[in-house]
Amino acid sequence: MAGTSTTRSPSPERGPGTPSAEQALLRAGQALCERPGALRELGALLEAADPAALARLAAALGGLAAPPRREQDGAEPPGRDTALAAVAERAERVGAAFLLLLQKLEDARSQESPMKPIPKRVLGHAFIFAVTHKEERPWTTARSRAVAQEVLERLLRTAGSGSVEEFLQGKEGDEEGRFGEVMGILKQELTKDTWKRNPASKDVFSWSLLRVSRPWLCPHLERVLPPALLLSDDFQEENKVLGVRCLHHIVLNVPGADLCQFNRAQVVFHALYNHLYSREAPLIQAVLLCLLDLLPVLERCQRRQGQARASSPWDQVLQLLLAHMEAEHRLALRRVYAGTLPAFVTRLGILIVRHLKRLERVILGYLEVSDGPGEEARLAILQTLQCTIEHAWPRMPCRLPVLLKALLRLLWDVHSERGPTPEPVRAALLQEATQCLILLDRCCQGQVKVLLAGLQSSCEENRLQECFRKVQESS
């Protein structure tokens with residue numbers, strides 16, 4: 001009614017030049033790098049700040065301490081050294097601000113104040129800052145690393161977490177972890193066009209990912225798989241290896257059924273398979289180890305989809321692997337190839353007969369050449385030969401003359417050579433070669449014992465006689 005209009009008490013108006021409480025908070029945060037007294041001013045303003053304002057402050061603080069942006073192709077900008085030194089100095093002050101902010105949040109929670117629920121966004125930004133600066137990087141110094149480590153410890157205490165893993169994953173059967181929040185903040189920094197511009201984004205992503213295990217990783221699969229594939233597809237070997245390790249972690253910690261959805265396992269397989277043409281040993285090793293865990297998942301996917309094939313992914317990988325091994329002369333790569341070969345032979349079982357002709361050439365070639373004091377390649381090839389004899393024993397009698405000659409030559413070479421090979425390695429080679437002779441004898445109806453009988457009587461070397469004796473006494 002006209003005569004009974006309600007009147008409200010006028011709210012205090014701010015003048016045109018008077019900033020809001022949130023603006024004052026952000027200005028104080030951004031002034032940390034300019035005015036030493038800004039930290040005290042920030043502490044006073046934190047008392048009255050609301051959670052949304054604190055989240056925006058944490059984002060602003062993280063931006064202040066971010067490493068210098070690179071070009072889109074990852075090239076360093078001009079004046080890099082000066083910019084890196086400035087970042088380390090800013091990180092010390094920003095770290096002090098984060099410590100103050102986390103302390104205020106911890107105090108507020110312990111006093112059961114209205115701000116009791118700690119904003120996850122604040123914890124996410126503090127975590128990203130700490131991980132960005134806690135390791136030795138071009139943009140860190142000893143002091144900035146110490147501050148970042150202190151921020152991480154304070155962050156875990158504030159969040160009520162006993163470890164980084166608990167902080168990211170959450171407690172067993174209880175609250176949700178903060179990994180989703182961290183990935184949400186990193187999302188814009190991990191796209192095809194942005195991930196190289198922030199040199200810390202890949203480090204924070206991989207460091208966090210590798211600390212989230214089964215079953216907590218599966219809900220975040222859509223967020224973590226694309227960045228891992230991006231890293232593995234880069235032209236720099238360091239990024240490729242990091243990406244493959246991230247993919248391996250995903251394969252190990254996500255159920256196979258989820259990897260099979262939307263052909264994810266097939267996509268990862270193609271990404272890894274293309275890397276098998278690389279000539280870098282660290283990358284090949286990471287790829288082969290990942291494939292050994294991925295291929296069983298991919299095989300199950302194809303069976304469920306009714307895509308049974310005469311040639312499996314195992315055959316496809318082993319065929320390429322043996323082709324590269326046969327022509328490879330670099331010792332580092334020969335060791336990597338040989339180290340994973342026994343697992344492939346064991347997995348294929350009797351089906352290894354499909355590759356027996358080329359596998360035999362590889363075994364003979366690798367037994368002839370020493371690969372250094374550790375003899376990793378030779379030892380791995382002897383284990384491969386043992387697996388091959390056990391699984392493809394019906395095909396061994398026709399190959400007995402060639403294999404027996406190669407093993408006897410190896411025994412003599414190991415015994416007679418006076419190189420830098422340590423005695424335990426020599427003993428291991430003799431033992432593995434002897435085991436191969438025993439297995440050959442079992443699947444060839446005692447022919448090896450007959451052939452070695454005359455050789456044993458004419459041999460004057462005690463170590464070789466001991467090897468022959470073990471073969472003769474084997475049942």
# chains A, B, ... in the order shown; residues from 1 in each chain; ligands from 1
>>> select_by_dssp(residues="segment 49-182 of chain A", states="helix (DSSP H, G or I)", output="PyMOL selection string")
chain A and resi 51-64+80-110+120-134+142-159+164-169+179-182
>>> residues_around(residues="segment 436-444 of chain A", least_positions_apart="6", cutoff="9 Å", atoms="only C-alpha atoms", output="MDAnalysis selection string")
chainID A and resid 382:383 385:386 389:390 393:394 396:397 400 403:404 407 468 470:472 474:475
>>> write_last_selection(atoms="N, CA, C and O atoms", output="PDB file, in the first residue's frame")
ATOM      1  N   LEU A 382      70.127 -66.165 -23.475  1.00  0.00           N
ATOM      2  CA  LEU A 382      70.133 -67.537 -22.961  1.00  0.00           C
ATOM      3  C   LEU A 382      68.805 -67.864 -22.272  1.00  0.00           C
ATOM      4  O   LEU A 382      68.280 -68.977 -22.414  1.00  0.00           O
ATOM      5  N   GLN A 383      68.244 -66.904 -21.543  1.00  0.00           N
ATOM      6  CA  GLN A 383      66.926 -67.119 -20.948  1.00  0.00           C
ATOM      7  C   GLN A 383      65.855 -67.259 -22.037  1.00  0.00           C
ATOM      8  O   GLN A 383      64.928 -68.066 -21.913  1.00  0.00           O
ATOM      9  N   LEU A 385      66.375 -68.476 -25.027  1.00  0.00           N
ATOM     10  CA  LEU A 385      66.544 -69.808 -25.605  1.00  0.00           C
ATOM     11  C   LEU A 385      65.905 -70.874 -24.721  1.00  0.00           C
ATOM     12  O   LEU A 385      65.253 -71.804 -25.213  1.00  0.00           O
ATOM     13  N   GLN A 386      66.057 -70.735 -23.404  1.00  0.00           N
ATOM     14  CA  GLN A 386      65.436 -71.690 -22.489  1.00  0.00           C
ATOM     15  C   GLN A 386      63.913 -71.676 -22.636  1.00  0.00           C
ATOM     16  O   GLN A 386      63.271 -72.733 -22.708  1.00  0.00           O
ATOM     17  N   ILE A 389      62.938 -73.349 -25.956  1.00  0.00           N
ATOM     18  CA  ILE A 389      63.040 -74.817 -25.907  1.00  0.00           C
ATOM     19  C   ILE A 389      61.851 -75.402 -25.140  1.00  0.00           C
ATOM     20  O   ILE A 389      61.259 -76.407 -25.550  1.00  0.00           O
ATOM     21  N   GLU A 390      61.478 -74.757 -24.030  1.00  0.00           N
ATOM     22  CA  GLU A 390      60.382 -75.276 -23.207  1.00  0.00           C
ATOM     23  C   GLU A 390      59.041 -75.222 -23.944  1.00  0.00           C
ATOM     24  O   GLU A 390      58.223 -76.130 -23.805  1.00  0.00           O
ATOM     25  N   TRP A 393      59.395 -77.220 -27.889  1.00  0.00           N
ATOM     26  CA  TRP A 393      60.287 -78.381 -27.864  1.00  0.00           C
ATOM     27  C   TRP A 393      60.106 -79.335 -29.049  1.00  0.00           C
ATOM     28  O   TRP A 393      61.081 -79.973 -29.477  1.00  0.00           O
ATOM     29  N   PRO A 394      58.899 -79.492 -29.649  1.00  0.00           N
ATOM     30  CA  PRO A 394      58.820 -80.422 -30.799  1.00  0.00           C
ATOM     31  C   PRO A 394      59.664 -79.982 -31.993  1.00  0.00           C
ATOM     32  O   PRO A 394      60.012 -80.810 -32.849  1.00  0.00           O
ATOM     33  N   MET A 396      62.709 -78.627 -31.754  1.00  0.00           N
ATOM     34  CA  MET A 396      64.115 -78.518 -31.388  1.00  0.00           C
ATOM     35  C   MET A 396      65.022 -79.592 -31.999  1.00  0.00           C
ATOM     36  O   MET A 396      66.185 -79.305 -32.323  1.00  0.00           O
ATOM     37  N   PRO A 397      64.586 -80.839 -32.146  1.00  0.00           N
ATOM     38  CA  PRO A 397      65.519 -81.854 -32.682  1.00  0.00           C
ATOM     39  C   PRO A 397      66.151 -81.472 -34.013  1.00  0.00           C
ATOM     40  O   PRO A 397      67.350 -81.715 -34.229  1.00  0.00           O
ATOM     41  N   LEU A 400      68.987 -79.023 -33.376  1.00  0.00           N
ATOM     42  CA  LEU A 400      70.003 -79.407 -32.400  1.00  0.00           C
ATOM     43  C   LEU A 400      71.424 -79.129 -32.870  1.00  0.00           C
ATOM     44  O   LEU A 400      72.219 -78.553 -32.107  1.00  0.00           O
ATOM     45  N   LEU A 403      72.171 -75.267 -32.635  1.00  0.00           N
ATOM     46  CA  LEU A 403      72.122 -74.738 -31.281  1.00  0.00           C
ATOM     47  C   LEU A 403      73.241 -75.306 -30.419  1.00  0.00           C
ATOM     48  O   LEU A 403      73.848 -74.574 -29.608  1.00  0.00           O
ATOM     49  N   LEU A 404      73.529 -76.599 -30.568  1.00  0.00           N
ATOM     50  CA  LEU A 404      74.599 -77.212 -29.777  1.00  0.00           C
ATOM     51  C   LEU A 404      75.943 -76.582 -30.107  1.00  0.00           C
ATOM     52  O   LEU A 404      76.754 -76.284 -29.204  1.00  0.00           O
ATOM     53  N   LEU A 407      76.130 -73.105 -28.462  1.00  0.00           N
ATOM     54  CA  LEU A 407      76.291 -73.146 -27.006  1.00  0.00           C
ATOM     55  C   LEU A 407      77.696 -73.598 -26.617  1.00  0.00           C
ATOM     56  O   LEU A 407      78.288 -73.056 -25.661  1.00  0.00           O
ATOM     57  N   PHE A 468      79.807 -80.131 -18.483  1.00  0.00           N
ATOM     58  CA  PHE A 468      79.431 -81.371 -19.169  1.00  0.00           C
ATOM     59  C   PHE A 468      78.924 -82.417 -18.173  1.00  0.00           C
ATOM     60  O   PHE A 468      78.009 -83.192 -18.470  1.00  0.00           O
ATOM     61  N   LYS A 470      77.284 -81.858 -15.404  1.00  0.00           N
ATOM     62  CA  LYS A 470      75.908 -81.538 -15.028  1.00  0.00           C
ATOM     63  C   LYS A 470      74.913 -82.012 -16.093  1.00  0.00           C
ATOM     64  O   LYS A 470      73.825 -82.474 -15.770  1.00  0.00           O
ATOM     65  N   VAL A 471      75.340 -81.890 -17.346  1.00  0.00           N
ATOM     66  CA  VAL A 471      74.446 -82.343 -18.422  1.00  0.00           C
ATOM     67  C   VAL A 471      74.301 -83.871 -18.353  1.00  0.00           C
ATOM     68  O   VAL A 471      73.176 -84.412 -18.480  1.00  0.00           O
ATOM     69  N   GLN A 472      75.413 -84.581 -18.151  1.00  0.00           N
ATOM     70  CA  GLN A 472      75.362 -86.045 -18.108  1.00  0.00           C
ATOM     71  C   GLN A 472      74.562 -86.557 -16.932  1.00  0.00           C
ATOM     72  O   GLN A 472      73.887 -87.595 -17.029  1.00  0.00           O
ATOM     73  N   SER A 474      72.040 -84.988 -15.492  1.00  0.00           N
ATOM     74  CA  SER A 474      70.652 -84.535 -15.483  1.00  0.00           C
ATOM     75  C   SER A 474      69.720 -85.660 -15.877  1.00  0.00           C
ATOM     76  O   SER A 474      70.065 -86.526 -16.672  1.00  0.00           O
ATOM     77  N   SER A 475      68.542 -85.687 -15.285  1.00  0.00           N
ATOM     78  CA  SER A 475      67.589 -86.760 -15.584  1.00  0.00           C
ATOM     79  C   SER A 475      66.603 -86.332 -16.641  1.00  0.00           C
ATOM     80  O   SER A 475      66.384 -85.158 -16.852  1.00  0.00           O
TER      81      SER A 475
END
>>> closest_residue(among="A:Thr132, A:Gln266, A:Ser311, A:Ser370", to="Leu331 of chain A", atoms="only C-alpha atoms")
A:Ser370
>>> residues_around(residues="Phe344 of chain A", least_positions_apart="5", cutoff="8 Å", atoms="only C-alpha atoms", output="PyMOL selection string")
chain A and resi 292+314+318
>>> residues_around(residues="Leu190 of chain A", least_positions_apart="6", cutoff="8 Å", atoms="only C-alpha atoms", output="list in words")
Ser201, Lys202 and Pro227 of chain A
>>> write_last_selection(atoms="N, CA, C and O atoms", output="compact mmCIF listing (two decimals), in the first residue's frame")
# COMPACT_ATOMS: atom_id res chain seq x y z
N SER A 201 54.03 -27.44 -16.45
CA SER A 201 52.75 -28.16 -16.49
C SER A 201 52.95 -29.66 -16.63
O SER A 201 52.29 -30.46 -15.96
N LYS A 202 53.89 -30.09 -17.48
CA LYS A 202 54.10 -31.53 -17.67
C LYS A 202 54.67 -32.17 -16.40
O LYS A 202 54.34 -33.32 -16.07
N PRO A 227 46.50 -35.83 -22.11
CA PRO A 227 47.83 -35.24 -21.90
C PRO A 227 48.96 -36.25 -22.00
O PRO A 227 50.04 -35.93 -22.51
>>> atom_distance(atom1="atom CA of Ala323 of chain A", atom2="atom CA of Gln431 of chain A")
28.5 Å
>>> residues_around(residues="Phe129 of chain A", least_positions_apart="4", cutoff="7 Å", atoms="only C-alpha atoms", output="ChimeraX atom specification")
/A:62,125,133
>>> write_last_selection(atoms="N, CA and C atoms", output="mmCIF file, in the first residue's frame")
data_model
loop_
_atom_site.group_PDB
_atom_site.id
_atom_site.type_symbol
_atom_site.label_atom_id
_atom_site.label_comp_id
_atom_site.auth_asym_id
_atom_site.auth_seq_id
_atom_site.Cartn_x
_atom_site.Cartn_y
_atom_site.Cartn_z
ATOM 1 N N GLY A 62 49.509 -18.206 -7.595
ATOM 2 C CA GLY A 62 50.132 -19.205 -8.474
ATOM 3 C C GLY A 62 50.609 -18.598 -9.767
ATOM 4 N N HIS A 125 45.566 -24.936 -5.946
ATOM 5 C CA HIS A 125 46.577 -23.960 -6.384
ATOM 6 C C HIS A 125 47.830 -24.055 -5.521
ATOM 7 N N HIS A 133 57.753 -25.881 -7.712
ATOM 8 C CA HIS A 133 58.999 -25.285 -7.209
ATOM 9 C C HIS A 133 59.781 -26.175 -6.251
#
>>> atom_distance(atom1="atom CA of Val251 of chain A", atom2="atom CA of Asp193 of chain A")
25.5 Å
>>> residues_around(residues="Lys171 of chain A", least_positions_apart="6", cutoff="10 Å", atoms="only C-alpha atoms", output="compact mmCIF listing (two decimals) with C-alpha atoms, in the first residue's frame")
# COMPACT_ATOMS: atom_id res chain seq x y z
CA GLY A 160 44.30 -33.49 7.16
CA SER A 161 46.24 -35.83 4.86
CA GLY A 162 49.07 -38.07 5.97
CA GLU A 165 48.88 -39.94 -2.13
CA GLY A 177 40.64 -36.71 -3.13
>>> atom_distance(atom1="atom CA of Pro296 of chain A", atom2="atom CA of Arg347 of chain A")
9.2 Å
>>> closest_residue(among="A:Leu242, A:Leu272, A:Ile250, A:Ala427", to="Leu225 of chain A", atoms="only C-alpha atoms")
A:Ile250
>>> decode(residues="segment 121-145 of chain A", atoms="N, CA and C atoms", output="short mmCIF file (atom, residue, chain, number, x, y, z; two decimals), in the first residue's frame")
data_model
loop_
_atom_site.label_atom_id
_atom_site.label_comp_id
_atom_site.auth_asym_id
_atom_site.auth_seq_id
_atom_site.Cartn_x
_atom_site.Cartn_y
_atom_site.Cartn_z
N ARG A 121 39.70 -25.30 -4.19
CA ARG A 121 40.46 -24.56 -5.20
C ARG A 121 41.74 -24.00 -4.59
N VAL A 122 41.66 -23.55 -3.36
CA VAL A 122 42.85 -23.02 -2.68
C VAL A 122 43.89 -24.12 -2.52
N LEU A 123 43.44 -25.29 -2.07
CA LEU A 123 44.36 -26.41 -1.88
C LEU A 123 44.98 -26.83 -3.22
N GLY A 124 44.17 -26.81 -4.28
CA GLY A 124 44.70 -27.19 -5.59
C GLY A 124 45.79 -26.25 -6.07
N HIS A 125 45.57 -24.94 -5.95
CA HIS A 125 46.58 -23.96 -6.38
C HIS A 125 47.83 -24.05 -5.52
N ALA A 126 47.65 -24.26 -4.21
CA ALA A 126 48.82 -24.39 -3.33
C ALA A 126 49.63 -25.63 -3.69
N PHE A 127 48.94 -26.71 -4.03
CA PHE A 127 49.62 -27.95 -4.41
C PHE A 127 50.42 -27.75 -5.70
N ILE A 128 49.82 -27.13 -6.69
CA ILE A 128 50.50 -26.90 -7.97
C ILE A 128 51.72 -26.01 -7.77
N PHE A 129 51.60 -24.97 -6.91
CA PHE A 129 52.76 -24.12 -6.62
C PHE A 129 53.88 -24.94 -5.99
N ALA A 130 53.54 -25.77 -4.99
CA ALA A 130 54.56 -26.53 -4.29
C ALA A 130 55.27 -27.50 -5.22
N VAL A 131 54.52 -28.23 -6.05
CA VAL A 131 55.13 -29.21 -6.95
C VAL A 131 55.95 -28.51 -8.03
N THR A 132 55.52 -27.34 -8.46
CA THR A 132 56.25 -26.59 -9.49
C THR A 132 57.64 -26.19 -9.00
N HIS A 133 57.75 -25.88 -7.71
CA HIS A 133 59.00 -25.29 -7.21
C HIS A 133 59.78 -26.18 -6.25
N LYS A 134 59.30 -27.37 -5.94
CA LYS A 134 59.98 -28.18 -4.93
C LYS A 134 61.18 -28.95 -5.47
N GLU A 135 61.23 -29.20 -6.77
CA GLU A 135 62.34 -29.95 -7.37
C GLU A 135 63.35 -28.99 -8.00
N GLU A 136 64.54 -29.52 -8.28
CA GLU A 136 65.57 -28.69 -8.92
C GLU A 136 65.21 -28.48 -10.39
N ARG A 137 64.91 -27.24 -10.71
CA ARG A 137 64.51 -26.85 -12.05
C ARG A 137 65.22 -25.54 -12.41
N PRO A 138 65.23 -25.16 -13.70
CA PRO A 138 65.90 -23.90 -14.07
C PRO A 138 65.32 -22.68 -13.36
N TRP A 139 64.06 -22.73 -12.93
CA TRP A 139 63.42 -21.57 -12.31
C TRP A 139 63.42 -21.64 -10.78
N THR A 140 64.16 -22.58 -10.19
CA THR A 140 64.18 -22.68 -8.73
C THR A 140 65.58 -22.46 -8.18
N THR A 141 65.63 -22.07 -6.92
CA THR A 141 66.89 -21.98 -6.16
C THR A 141 66.72 -22.81 -4.90
N ALA A 142 67.80 -22.95 -4.14
CA ALA A 142 67.72 -23.73 -2.91
C ALA A 142 66.68 -23.13 -1.96
N ARG A 143 66.62 -21.80 -1.88
CA ARG A 143 65.66 -21.15 -0.98
C ARG A 143 64.23 -21.33 -1.46
N SER A 144 63.99 -21.18 -2.75
CA SER A 144 62.62 -21.34 -3.25
C SER A 144 62.17 -22.78 -3.12
N ARG A 145 63.10 -23.73 -3.29
CA ARG A 145 62.73 -25.14 -3.12
C ARG A 145 62.38 -25.45 -1.67
#
